[in-house]
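To start, the structure itself, in structure tokens.
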Amino acid sequence: MAKYDYDMIVIGGGAAGLTGSTACGSVGQKTLLIEKEEKLGGDCLHYGCVPSKTLIKSAYAYNVMRNAGKYGLPEVDLPKVDFKNVAARIRDVIDSIQVHDDPAALKEKYHVETRFGAPVFVDRHTITLNGQNITSKNFILAMGSSPAVPSIEGIDAVPYLTNIEIFSLEKLPESLIVLGGGPIGAEMAQAFSRLGTNVTVVEYAPDILPREDEDVSRYMREMLEKEGMKIFVGAKAVRVQKNASGVLLTVEQDGKKIQLEAETLLVAAGRKPNVDGAGLDKIGVVYDHRGVKVDQRMRTSVKNIYACGDLNGQFPFTHVAAYEAATSMMNAAFHLPFKVNYKNVPWCTYLDPEVASVGYNERRAKETGISYTVHKEEIKNNDRAKAEGERSGFIKLIINKKGVLIGCQIVGYHAGDLIHEWIAAMNGKVSLNTIGNAVHAYPTMSEINKTASFNYFLNASPWVKLRLLLNWRW
């Protein structure tokens, strides 16, 4: 029987790597975690989820103060934002979380050893790290992803920002072009606009947030435009160059060329997997531009090597990365046939109002040929929303022909929290009748879930209504 230095080596110290290594260490696997950067935490902690949500909250607070009259308070003449103070707050929040990812704490609590450097595979059981060969029975690849820079004429000759630089700026830009209207680009666009930057968004797809349904994307674009942003959709960036203002971006829209000027350019046009430099081709790990190929057990083409998180290109979410890493551990450590199931994976875009989704939306239902009906409720009818002054948005239920909930989208205040009742309902196969009859505290935003369920029941066909009353399961 082969003898290895470790039972598991995890490469990458972000969300997937931390979950995978601590899970393995906790069940008695001799585990080594390797991170190429100086600190653990990965993109989510240092350049993604944590700093972006911290920035978004600062921008939200500034926007509330600027609109004090909306709440019956005296109008306030606010000074301009000093972004150094915002950046300092972001660093403080990151540091407060970083302490939980300290290598000494991982060793003491989870029995995980940590080393820093850039490992390269020698064979399917061996890597070289800082001049030393190290062997392991199994590996989890969790190297994450990096900003993808589109092929635009002149892009290499102009200074631009990505999510890596945007949170540590020394000053607030006077003007900003955001290249990309997906979740990252839209969130940053609204945050900087609220802090006082003149923002222009350029999105190649027919609308921003292209993964969402058309009504959701259009609603959010119109909201952002009302806040003062300029948004170009169905627009292709073809050239960028320096000018007196900073950058000059030429885009094509509807056959016409438009020139846009700004002090700063933020590239938020997608992600690419960090597959280079690890020697994956040498050992036969299959990957393409989207990521490392895996099966439902998270195994790569080399069966003792697993790949989780952004690296495999499935769902670019921290919660999915952790789920995949835990699945990898169960398969590697216990040889249990655990398979991932993405059917009810939720996601949230942290705009104001937030956009949250679980299960099928209309776009996916149509693509898979599922017959469905839609029931929609406006957030403005919720009493707590009225009290909060947060009346924007709606909840949309996607229901199949048997009256079973197959998806939910929410646009509204704290949508990312409200969606969790639907995640539990769908995973537990709870009927809409059960949600509608459940007592919800008054006045809360969560009552919108009860209202939507109950009103769907009232408007359902007699046959569907009978099934809901009987609380049948399918």
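Ligands are numbered from 1 in the order shown, chains are lettered A, B, ... in the order of the structure tokens, and residues start at 1 in each chain.
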Shell of 10 Å around Tyr413 of chain A, only C-alpha atoms, local chain residues under 4 positions omitted, as a CSV table (one decimal) with N, CA and C atoms, in the first residue's frame:
chain,number,residue,atom,x,y,z
A,350,TYR,N,-26.4,42.2,-4.7
A,350,TYR,CA,-26.7,43.1,-3.6
A,350,TYR,C,-26.8,44.6,-4.0
A,351,LEU,N,-27.7,44.8,-5.0
A,351,LEU,CA,-28.1,46.1,-5.3
A,351,LEU,C,-29.1,46.6,-4.3
A,352,ASP,N,-29.5,47.8,-4.5
A,352,ASP,CA,-30.6,48.4,-3.6
A,352,ASP,C,-31.7,48.8,-4.6
A,353,PRO,N,-32.8,48.0,-4.7
A,353,PRO,CA,-33.1,46.8,-4.0
A,353,PRO,C,-32.4,45.6,-4.4
A,354,GLU,N,-32.3,44.6,-3.5
A,354,GLU,CA,-31.6,43.4,-3.8
A,354,GLU,C,-32.4,42.5,-4.8
A,355,VAL,N,-31.6,41.7,-5.5
A,355,VAL,CA,-32.2,40.7,-6.4
A,355,VAL,C,-31.8,39.3,-6.0
A,379,ILE,N,-44.0,44.6,-3.8
A,379,ILE,CA,-43.5,44.9,-2.4
A,379,ILE,C,-44.2,46.1,-1.8
A,385,ALA,N,-42.8,47.5,4.4
A,385,ALA,CA,-42.1,48.2,3.4
A,385,ALA,C,-42.5,49.6,3.3
A,388,GLU,N,-40.7,51.4,6.3
A,388,GLU,CA,-39.3,51.5,6.0
A,388,GLU,C,-39.0,52.5,4.9
A,389,GLY,N,-40.0,52.8,4.1
A,389,GLY,CA,-39.8,53.7,2.9
A,389,GLY,C,-39.1,52.9,1.8
A,390,GLU,N,-39.3,51.6,1.8
A,390,GLU,CA,-38.6,50.7,0.9
A,390,GLU,C,-39.6,49.9,0.1
A,391,ARG,N,-40.3,50.6,-0.8
A,391,ARG,CA,-41.5,50.0,-1.5
A,391,ARG,C,-41.1,49.5,-2.9
A,392,SER,N,-39.9,49.5,-3.3
A,392,SER,CA,-39.5,49.1,-4.6
A,392,SER,C,-39.5,47.6,-4.7
A,393,GLY,N,-39.9,47.0,-5.9
A,393,GLY,CA,-39.7,45.6,-6.1
A,393,GLY,C,-40.9,44.8,-6.1
A,394,PHE,N,-40.7,43.5,-6.2
A,394,PHE,CA,-41.8,42.5,-6.3
A,394,PHE,C,-41.3,41.1,-6.0
A,417,ASP,N,-32.4,37.9,2.2
A,417,ASP,CA,-32.9,37.2,3.5
A,417,ASP,C,-34.2,36.6,3.2
A,418,LEU,N,-35.1,37.3,2.5
A,418,LEU,CA,-36.5,36.8,2.3
A,418,LEU,C,-36.5,35.5,1.4
A,445,MET,N,-41.1,42.3,6.6
A,445,MET,CA,-41.0,42.1,5.2
A,445,MET,C,-41.4,40.6,4.8
Once DSSP has gone over the backbone, tell me which residues of segment 142-178 of chain A are in helix (DSSP H, G or I), as an mmCIF file with N, CA and C atoms, in the first residue's frame.
data_model
loop_
_atom_site.group_PDB
_atom_site.id
_atom_site.type_symbol
_atom_site.label_atom_id
_atom_site.label_comp_id
_atom_site.auth_asym_id
_atom_site.auth_seq_id
_atom_site.Cartn_x
_atom_site.Cartn_y
_atom_site.Cartn_z
ATOM 1 N N ILE A 155 -6.634 48.079 -24.854
ATOM 2 C CA ILE A 155 -6.860 47.834 -23.425
ATOM 3 C C ILE A 155 -5.554 47.695 -22.651
ATOM 4 N N ASP A 156 -4.516 47.169 -23.300
ATOM 5 C CA ASP A 156 -3.251 46.972 -22.596
ATOM 6 C C ASP A 156 -2.453 48.262 -22.438
ATOM 7 N N ALA A 157 -2.878 49.313 -23.114
ATOM 8 C CA ALA A 157 -2.125 50.566 -23.082
ATOM 9 C C ALA A 157 -2.754 51.610 -22.171
ATOM 10 N N ILE A 166 -10.161 48.119 -6.857
ATOM 11 C CA ILE A 166 -11.221 49.113 -6.689
ATOM 12 C C ILE A 166 -11.486 49.489 -5.232
ATOM 13 N N PHE A 167 -11.228 48.572 -4.295
ATOM 14 C CA PHE A 167 -11.590 48.823 -2.899
ATOM 15 C C PHE A 167 -10.507 49.569 -2.113
ATOM 16 N N SER A 168 -9.372 49.796 -2.723
ATOM 17 C CA SER A 168 -8.275 50.462 -2.008
ATOM 18 C C SER A 168 -7.846 51.752 -2.680
#
Go through segment 73-151 of chain A residue by residue and, counting only C-alpha atoms, keep those with an atom at most 9 Å from segment 267-281 of chain A; for each kept residue give the shortest atom pair and its distance in Å to one decimal, ordered by chain and increasing number, as CSV.
residue,atom,partner,partner_atom,distance
A:Ala118,CA,A:Ala278,CA,7.6
A:Pro119,CA,A:Ala278,CA,6.2
A:Val120,CA,A:Ala278,CA,4.4
A:Phe121,CA,A:Gly279,CA,5.2
A:Val122,CA,A:Gly279,CA,7.4
A:Asp123,CA,A:Gly279,CA,9.0
A:Ile127,CA,A:Ala278,CA,9.0
A:Met143,CA,A:Asn274,CA,5.9
A:Gly144,CA,A:Asn274,CA,5.8
A:Ser145,CA,A:Pro273,CA,4.2
A:Ser146,CA,A:Lys272,CA,5.4
A:Pro147,CA,A:Arg271,CA,4.6
A:Ala148,CA,A:Arg271,CA,4.6
A:Val149,CA,A:Ala269,CA,6.8
A:Pro150,CA,A:Ala269,CA,7.0
May I have the selected residues written with N, CA and C atoms, as a tab-separated table (two decimals), in the first residue's frame?
chain	number	residue	atom	x	y	z
A	118	ALA	N	3.59	28.57	-4.49
A	118	ALA	CA	2.89	28.19	-5.72
A	118	ALA	C	3.27	26.76	-6.10
A	119	PRO	N	2.44	25.78	-5.77
A	119	PRO	CA	2.77	24.38	-6.04
A	119	PRO	C	2.61	24.03	-7.52
A	120	VAL	N	3.40	23.05	-7.96
A	120	VAL	CA	3.30	22.55	-9.33
A	120	VAL	C	3.26	21.02	-9.26
A	121	PHE	N	2.34	20.41	-9.99
A	121	PHE	CA	2.22	18.95	-9.98
A	121	PHE	C	3.39	18.30	-10.72
A	122	VAL	N	3.92	17.26	-10.11
A	122	VAL	CA	4.94	16.41	-10.73
A	122	VAL	C	4.26	15.17	-11.32
A	123	ASP	N	3.38	14.57	-10.54
A	123	ASP	CA	2.52	13.48	-11.01
A	123	ASP	C	1.22	13.56	-10.21
A	127	ILE	N	3.44	16.98	-5.68
A	127	ILE	CA	3.65	18.37	-6.08
A	127	ILE	C	5.04	18.79	-5.64
A	143	MET	N	-8.20	26.83	-6.55
A	143	MET	CA	-7.38	28.01	-6.87
A	143	MET	C	-8.20	29.23	-7.28
A	144	GLY	N	-9.52	29.06	-7.43
A	144	GLY	CA	-10.37	30.22	-7.66
A	144	GLY	C	-10.31	30.76	-9.08
A	145	SER	N	-10.65	32.03	-9.21
A	145	SER	CA	-10.69	32.69	-10.51
A	145	SER	C	-10.13	34.10	-10.40
A	146	SER	N	-9.91	34.71	-11.56
A	146	SER	CA	-9.39	36.08	-11.63
A	146	SER	C	-10.25	36.89	-12.59
A	147	PRO	N	-10.15	38.22	-12.54
A	147	PRO	CA	-10.92	39.03	-13.49
A	147	PRO	C	-10.53	38.70	-14.93
A	148	ALA	N	-11.52	38.54	-15.78
A	148	ALA	CA	-11.28	38.34	-17.21
A	148	ALA	C	-11.26	39.70	-17.90
A	149	VAL	N	-10.23	39.95	-18.65
A	149	VAL	CA	-10.11	41.22	-19.37
A	149	VAL	C	-10.44	40.97	-20.83
A	150	PRO	N	-11.50	41.58	-21.35
A	150	PRO	CA	-11.91	41.31	-22.74
A	150	PRO	C	-10.89	41.83	-23.74
Can you list, as a ChimeraX atom specification, every protein, DNA or RNA residue that comes within 9 Å of Gly48 of chain A when you count only C-alpha atoms, leaving out same-chain residues fewer than 5 positions away? /A:42-43,53,163-164,184
Selection file, N, CA and C atoms, as a PDB file, in the first residue's frame:
ATOM      1  N   GLY A  42      -8.708  34.256   0.352  1.00  0.00           N
ATOM      2  CA  GLY A  42      -9.057  34.237  -1.057  1.00  0.00           C
ATOM      3  C   GLY A  42      -9.734  35.497  -1.551  1.00  0.00           C
ATOM      4  N   ASP A  43     -10.233  35.408  -2.772  1.00  0.00           N
ATOM      5  CA  ASP A  43     -10.838  36.553  -3.442  1.00  0.00           C
ATOM      6  C   ASP A  43     -12.061  37.062  -2.695  1.00  0.00           C
ATOM      7  N   LYS A  53     -19.615  44.181  -0.095  1.00  0.00           N
ATOM      8  CA  LYS A  53     -20.785  44.414   0.747  1.00  0.00           C
ATOM      9  C   LYS A  53     -20.523  45.514   1.769  1.00  0.00           C
ATOM     10  N   ASN A 163     -11.728  44.264  -9.713  1.00  0.00           N
ATOM     11  CA  ASN A 163     -12.166  44.134  -8.316  1.00  0.00           C
ATOM     12  C   ASN A 163     -10.981  44.051  -7.353  1.00  0.00           C
ATOM     13  N   ILE A 164      -9.785  43.786  -7.860  1.00  0.00           N
ATOM     14  CA  ILE A 164      -8.612  43.694  -6.986  1.00  0.00           C
ATOM     15  C   ILE A 164      -8.173  45.078  -6.509  1.00  0.00           C
ATOM     16  N   ILE A 184     -21.278  41.968 -10.423  1.00  0.00           N
ATOM     17  CA  ILE A 184     -20.149  42.752  -9.911  1.00  0.00           C
ATOM     18  C   ILE A 184     -20.199  44.171 -10.449  1.00  0.00           C
TER      19      ILE A 184
END
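Closest approach to Thr114 of chain A among A:Gln409, A:Thr31, A:Thr349, A:Thr434 is made by A:Thr31 (distances from only C-alpha atoms).
Among A:Ser175, A:Gln314, A:Thr250, A:Asn304, the residue with the shortest atom-to-atom distance to Gly291 of chain A, counting only C-alpha atoms, is A:Gln314.
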Give the strand (DSSP E or B) residues of segment 283-331 of chain A, as DSSP finds them on the backbone, and put them as an MDAnalysis selection string. chainID A and resid 287 292 299 305:307
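The environment of Met330 of chain A within 12 Å, counting only C-alpha atoms and disregarding residues fewer than 6 places along the same chain, consists of A:Gly20, A:Ser21, A:Ala23, A:Cys24, A:Ser26, A:Val27, A:Gln29, A:Ile140, A:Arg297, A:Met298, A:Arg299, A:Tyr306, A:Tyr323, A:Glu324, A:Leu336, A:Pro337, A:Phe338, A:Lys339, A:Val340.
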Restricted to C-alpha atoms, what would the selected residues look like written as a CSV table (one decimal), in the first residue's frame?
chain,number,residue,atom,x,y,z
A,20,GLY,CA,-12.3,21.6,2.2
A,21,SER,CA,-9.2,21.6,4.4
A,23,ALA,CA,-13.6,19.5,6.8
A,24,CYS,CA,-10.8,17.0,6.0
A,26,SER,CA,-11.9,17.6,11.3
A,27,VAL,CA,-12.5,14.0,10.3
A,29,GLN,CA,-7.4,13.3,7.5
A,140,ILE,CA,-8.6,19.3,-3.7
A,297,ARG,CA,-18.8,14.0,-7.1
A,298,MET,CA,-16.4,16.9,-7.9
A,299,ARG,CA,-13.8,14.5,-9.3
A,306,TYR,CA,-11.1,17.1,-7.0
A,323,TYR,CA,-20.9,23.0,-0.6
A,324,GLU,CA,-18.7,21.5,-3.3
A,336,LEU,CA,-19.3,7.8,-0.1
A,337,PRO,CA,-21.1,8.4,-3.4
A,338,PHE,CA,-22.1,12.0,-2.6
A,339,LYS,CA,-23.2,14.0,-5.6
A,340,VAL,CA,-23.8,17.7,-5.9
So which residues touch Glu261 of chain A within 8 Å, counting only C-alpha atoms, skipping near sequence neighbours fewer than 5 positions away, as a ChimeraX atom specification? /A:177,245-249
So which residues touch Leu260 of chain A within 12 Å, counting only C-alpha atoms, skipping near sequence neighbours fewer than 6 positions away, as a VMD selection string? chain A and resid 175 to 179 198 to 202 230 to 232 235 237 to 243 245 to 252
Write a file of the selected residues as a PDB file, in the first residue's frame, keeping N, CA and C atoms.
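What ended up in result12.pdb:
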ATOM      1  N   SER A 175     -15.438  60.434 -12.273  1.00  0.00           N
ATOM      2  CA  SER A 175     -16.265  59.726 -13.244  1.00  0.00           C
ATOM      3  C   SER A 175     -15.699  58.332 -13.455  1.00  0.00           C
ATOM      4  N   LEU A 176     -16.587  57.404 -13.797  1.00  0.00           N
ATOM      5  CA  LEU A 176     -16.205  55.998 -13.881  1.00  0.00           C
ATOM      6  C   LEU A 176     -17.018  55.310 -14.975  1.00  0.00           C
ATOM      7  N   ILE A 177     -16.318  54.613 -15.869  1.00  0.00           N
ATOM      8  CA  ILE A 177     -16.975  53.726 -16.816  1.00  0.00           C
ATOM      9  C   ILE A 177     -16.842  52.307 -16.277  1.00  0.00           C
ATOM     10  N   VAL A 178     -17.965  51.619 -16.135  1.00  0.00           N
ATOM     11  CA  VAL A 178     -17.970  50.226 -15.684  1.00  0.00           C
ATOM     12  C   VAL A 178     -18.232  49.351 -16.898  1.00  0.00           C
ATOM     13  N   LEU A 179     -17.242  48.561 -17.267  1.00  0.00           N
ATOM     14  CA  LEU A 179     -17.366  47.671 -18.406  1.00  0.00           C
ATOM     15  C   LEU A 179     -17.891  46.325 -17.914  1.00  0.00           C
ATOM     16  N   ASN A 198     -19.786  60.091 -11.133  1.00  0.00           N
ATOM     17  CA  ASN A 198     -20.618  60.006 -12.333  1.00  0.00           C
ATOM     18  C   ASN A 198     -20.312  58.682 -13.031  1.00  0.00           C
ATOM     19  N   VAL A 199     -21.304  57.804 -13.092  1.00  0.00           N
ATOM     20  CA  VAL A 199     -21.064  56.431 -13.537  1.00  0.00           C
ATOM     21  C   VAL A 199     -21.786  56.136 -14.849  1.00  0.00           C
ATOM     22  N   THR A 200     -21.056  55.459 -15.733  1.00  0.00           N
ATOM     23  CA  THR A 200     -21.608  54.949 -16.984  1.00  0.00           C
ATOM     24  C   THR A 200     -21.341  53.449 -17.045  1.00  0.00           C
ATOM     25  N   VAL A 201     -22.366  52.669 -17.368  1.00  0.00           N
ATOM     26  CA  VAL A 201     -22.242  51.208 -17.462  1.00  0.00           C
ATOM     27  C   VAL A 201     -22.390  50.794 -18.918  1.00  0.00           C
ATOM     28  N   VAL A 202     -21.513  49.904 -19.363  1.00  0.00           N
ATOM     29  CA  VAL A 202     -21.575  49.354 -20.721  1.00  0.00           C
ATOM     30  C   VAL A 202     -21.722  47.839 -20.613  1.00  0.00           C
ATOM     31  N   LYS A 230     -25.839  56.353 -16.335  1.00  0.00           N
ATOM     32  CA  LYS A 230     -26.060  56.127 -17.757  1.00  0.00           C
ATOM     33  C   LYS A 230     -25.732  54.664 -18.047  1.00  0.00           C
ATOM     34  N   ILE A 231     -26.650  53.974 -18.707  1.00  0.00           N
ATOM     35  CA  ILE A 231     -26.461  52.550 -18.963  1.00  0.00           C
ATOM     36  C   ILE A 231     -26.678  52.264 -20.440  1.00  0.00           C
ATOM     37  N   PHE A 232     -25.668  51.665 -21.058  1.00  0.00           N
ATOM     38  CA  PHE A 232     -25.737  51.264 -22.456  1.00  0.00           C
ATOM     39  C   PHE A 232     -25.795  49.739 -22.509  1.00  0.00           C
ATOM     40  N   ALA A 235     -24.365  46.846 -26.112  1.00  0.00           N
ATOM     41  CA  ALA A 235     -23.273  47.716 -26.568  1.00  0.00           C
ATOM     42  C   ALA A 235     -21.945  46.975 -26.477  1.00  0.00           C
ATOM     43  N   ALA A 237     -17.866  47.128 -26.558  1.00  0.00           N
ATOM     44  CA  ALA A 237     -16.677  47.972 -26.450  1.00  0.00           C
ATOM     45  C   ALA A 237     -15.680  47.550 -27.517  1.00  0.00           C
ATOM     46  N   VAL A 238     -15.254  48.492 -28.352  1.00  0.00           N
ATOM     47  CA  VAL A 238     -14.367  48.137 -29.468  1.00  0.00           C
ATOM     48  C   VAL A 238     -12.982  48.765 -29.364  1.00  0.00           C
ATOM     49  N   ARG A 239     -12.865  49.862 -28.609  1.00  0.00           N
ATOM     50  CA  ARG A 239     -11.554  50.519 -28.515  1.00  0.00           C
ATOM     51  C   ARG A 239     -11.491  51.367 -27.257  1.00  0.00           C
ATOM     52  N   VAL A 240     -10.320  51.404 -26.622  1.00  0.00           N
ATOM     53  CA  VAL A 240     -10.121  52.270 -25.475  1.00  0.00           C
ATOM     54  C   VAL A 240      -8.745  52.915 -25.599  1.00  0.00           C
ATOM     55  N   GLN A 241      -8.671  54.197 -25.216  1.00  0.00           N
ATOM     56  CA  GLN A 241      -7.411  54.926 -25.300  1.00  0.00           C
ATOM     57  C   GLN A 241      -7.370  55.999 -24.217  1.00  0.00           C
ATOM     58  N   LYS A 242      -6.177  56.478 -23.940  1.00  0.00           N
ATOM     59  CA  LYS A 242      -6.016  57.566 -22.985  1.00  0.00           C
ATOM     60  C   LYS A 242      -6.444  58.869 -23.631  1.00  0.00           C
ATOM     61  N   ASN A 243      -6.977  59.770 -22.804  1.00  0.00           N
ATOM     62  CA  ASN A 243      -7.218  61.137 -23.258  1.00  0.00           C
ATOM     63  C   ASN A 243      -7.073  62.080 -22.079  1.00  0.00           C
ATOM     64  N   SER A 245      -9.216  63.454 -20.173  1.00  0.00           N
ATOM     65  CA  SER A 245     -10.088  63.143 -19.041  1.00  0.00           C
ATOM     66  C   SER A 245      -9.617  61.923 -18.268  1.00  0.00           C
ATOM     67  N   GLY A 246      -8.940  61.027 -18.944  1.00  0.00           N
ATOM     68  CA  GLY A 246      -8.493  59.765 -18.348  1.00  0.00           C
ATOM     69  C   GLY A 246      -8.527  58.665 -19.380  1.00  0.00           C
ATOM     70  N   VAL A 247      -9.754  58.212 -19.726  1.00  0.00           N
ATOM     71  CA  VAL A 247      -9.915  57.197 -20.756  1.00  0.00           C
ATOM     72  C   VAL A 247     -11.046  57.579 -21.696  1.00  0.00           C
ATOM     73  N   LEU A 248     -10.911  57.148 -22.941  1.00  0.00           N
ATOM     74  CA  LEU A 248     -11.944  57.332 -23.956  1.00  0.00           C
ATOM     75  C   LEU A 248     -12.304  55.952 -24.483  1.00  0.00           C
ATOM     76  N   LEU A 249     -13.546  55.533 -24.254  1.00  0.00           N
ATOM     77  CA  LEU A 249     -14.012  54.218 -24.680  1.00  0.00           C
ATOM     78  C   LEU A 249     -14.979  54.373 -25.839  1.00  0.00           C
ATOM     79  N   THR A 250     -14.694  53.658 -26.930  1.00  0.00           N
ATOM     80  CA  THR A 250     -15.589  53.655 -28.081  1.00  0.00           C
ATOM     81  C   THR A 250     -16.419  52.376 -28.053  1.00  0.00           C
ATOM     82  N   VAL A 251     -17.739  52.532 -28.120  1.00  0.00           N
ATOM     83  CA  VAL A 251     -18.638  51.370 -28.120  1.00  0.00           C
ATOM     84  C   VAL A 251     -19.520  51.420 -29.351  1.00  0.00           C
ATOM     85  N   GLU A 252     -19.973  50.240 -29.778  1.00  0.00           N
ATOM     86  CA  GLU A 252     -20.922  50.133 -30.877  1.00  0.00           C
ATOM     87  C   GLU A 252     -22.267  49.695 -30.320  1.00  0.00           C
TER      88      GLU A 252
END
Arg124 of chain A: which residues within 10 Å, counting only C-alpha atoms, same-chain residues fewer than 2 positions away excluded, as a PDB file with C-alpha atoms, in the first residue's frame?
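Final output, selection23.pdb:
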ATOM      1  CA  PHE A 121       2.224  18.954  -9.980  1.00  0.00           C
ATOM      2  CA  VAL A 122       4.937  16.408 -10.729  1.00  0.00           C
ATOM      3  CA  THR A 126       3.179  14.612  -6.045  1.00  0.00           C
ATOM      4  CA  ILE A 127       3.651  18.369  -6.081  1.00  0.00           C
ATOM      5  CA  THR A 135       3.029  13.625  -1.781  1.00  0.00           C
ATOM      6  CA  SER A 136      -0.641  13.125  -0.995  1.00  0.00           C
ATOM      7  CA  LYS A 137      -3.240  10.442  -1.513  1.00  0.00           C
ATOM      8  CA  ASN A 138      -5.823  13.008  -2.659  1.00  0.00           C
ATOM      9  CA  PHE A 139      -5.965  16.642  -3.700  1.00  0.00           C
ATOM     10  CA  LEU A 280      -2.444  20.383 -14.621  1.00  0.00           C
ATOM     11  CA  LYS A 282       1.141  17.425 -17.319  1.00  0.00           C
ATOM     12  CA  ILE A 283      -0.930  15.057 -15.173  1.00  0.00           C
ATOM     13  CA  GLY A 284      -4.004  14.914 -17.405  1.00  0.00           C
ATOM     14  CA  VAL A 285      -6.463  17.166 -15.585  1.00  0.00           C
ATOM     15  CA  VAL A 302      -7.777  12.337 -12.543  1.00  0.00           C
ATOM     16  CA  LYS A 303      -9.897  10.527  -9.967  1.00  0.00           C
ATOM     17  CA  ASN A 304      -7.859  11.294  -6.825  1.00  0.00           C
ATOM     18  CA  ILE A 305      -8.001  15.031  -7.636  1.00  0.00           C
TER      19      ILE A 305
END
Could you tell me which of A:Leu40, A:Gly72, A:Asn459, A:Gln296 comes closest to Ala105 of chain A if we count only C-alpha atoms? A:Leu40
One decimal place gives the atom CA of Ala332 of chain A-atom CA of Lys3 of chain A separation as 16.1 Å
